[in-house]
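Written below as structure tokens is the structure these notes are about.
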Amino acid sequence: MPILGLAPASAPYYPPHFDIEAVIRPNILALHPYRCARDDYQDGLLLDANENALGHAILPASSSSSTPQKGPEEEDTDAPPDFLALDLHRYPDPAQLAIKARIAALRGLTADAGGAPLTERVFLGVGSDEAIDLLMRVCVAPGPGGGAILTTPPTYGMYAVCAQVNDVRVVQVPLDVAGGAFQLRLDAMKSAIDADPSIKLIFLCSPGNPSGTLIPLVDIQALLEYPGFKGIVVVDEAYIDFAPAGSSAAPLIDRYANLCVLQTLSKSFGLAAIRLGIALAQAPLIQVLTNTKAPYNISTPTAALALSALSPPSIARMSTHLSTLTTQRAALLRALSVLAPLGLGRALGGHHANFLMVPVLDRATGAPDNARSERVYRELAEREGVVVRFRGREHGCAGCLRITVGSEADNAVVVDKLKQVLGRI
């Protein structure tokens, strides 16, 4: 089996008795890695990866003068770090308790009855992907006789990629997509759980990716309370800060030992480059993840930036960015609706994230058109310098493009370019 992504060798490898394909596990050789639009297009107006178009939330040093002055014995953890002044010759802090304490406070975590520190309910990873991978490794036995995870397509692609890397089966119960609902089919999920007791993890994305739709907390609680499911419900909340207040499942952690909530600094905080993911759960699961992770997984530069981002001034700036982006989301939604005569359908989903998903339609029939949508995607990137994401092959997303909400100027450009491309295709 050839190695995906690598051209066949023009000459045999040495020594002749060695065959790398005989060494690599078959499930890895068969792996289709996670792909994104950025694999093909790296330049232009990048509205493909749901990054924060307004930039990071860390207040520049010149803007920090209004914060109280600290004494010489106090470390200023609110100001942006001076990287060359960091102890880069030392391994990083393995615990990162200061970051965990700020996250616990931000997310309103409460202490357990025993009064254990709130930091025991927070795990930090190299992106949420590290937590996803670790959850599978610690909970699901690999191989044909092992366990399984349950996913609800359309959903985040890394769940399936991590499952294949870990040789874990995936049970799929697609969302109810009728009318662009993108909601759980609870009865079907419970039936799947009853039919396969080896399911150890349920991965829910709320707000969903690519749908941008919240899952009601009452539905999440229904799974947590279902006695037939003995595993862990994982709620991936990468986009939760773009949703209405009170939408997060994090407060449920106090009650449910079978809940794990994933969050990140990549989206609302605009810190995708530092790759800091978060898992929130009761102490036993967090301790298992901590016991299993690689040592020193959070680098010193990442930690310094994260601590500064979680300071009160930077959180205030993040909140301002959120307000601007939610306003721009509504404006973009209105502007895209004007393109209906050119064959752009009504945006699908709940609009609870920092992106919108719109179907490109056949102009004669009004039906979603994957071929036309993919042409529009490529024309936008290659001729107009605007990169969005084609999602048309996912369940319930026929013909769809996913567009990250940008600044007011960004949104004006993408609407204008879409109008031009739709007019000629």
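Naming works like this for the structure tokens: A, B, ... for the chains as they're shown, residue 1 at the start of each chain, ligands 1 onward in shown order.
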Excluding same-chain residues fewer than 3 positions from stretch 130-140 of chain A, what lies within 10 Å of it counting only C-alpha atoms, as JSON, numbers by chain? {"A": [123, 124, 125, 126, 127, 143, 146, 147, 148, 149, 158, 159, 161, 162, 163, 165, 166, 167, 168, 169, 198, 199, 200, 201, 203, 231, 232, 234, 236, 260, 262, 263, 275, 276, 277, 278, 279, 285, 288, 289, 290, 292, 293, 294, 297]}
One decimal, Å: what's the distance from atom CA of A:Arg383 over to atom CA of A:Ala273, could you say? 27.4 Å
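You can rank A:Leu223, A:Tyr34, A:Gly246, A:Pro142 by their closest distance to A:Asp129 using only C-alpha atoms, and at the top of that list sits A:Tyr34.
Atom CA of A:Lys230 to atom CA of A:Ala141 spans 14.8 Å [interatomic distance, one decimal].
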Between A:Pro94, A:Arg102, A:Pro251, A:Glu225, which one has atoms that come closest to A:Asn291, using only C-alpha atoms? A:Pro94
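Distances here use only C-alpha atoms; by that measure, the residue among A:Phe355, A:Ala9, A:Met189, A:Leu224 closest to A:Lys267 is A:Phe355.
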What lies within 10 Å of stretch 20-23 of chain A using only C-alpha atoms, ignoring chain neighbours under 6 positions off, as a ChimeraX atom specification? /A:1-3,13,29
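Closest approach to A:Ile315 from the set A:Ala303, A:Ile220, A:Ala249, A:Leu265 is made by A:Leu265, with distances taken over only C-alpha atoms.
The spacing separating atom CA of A:Val414 from atom CA of A:Thr264 amounts to 26.7 Å.
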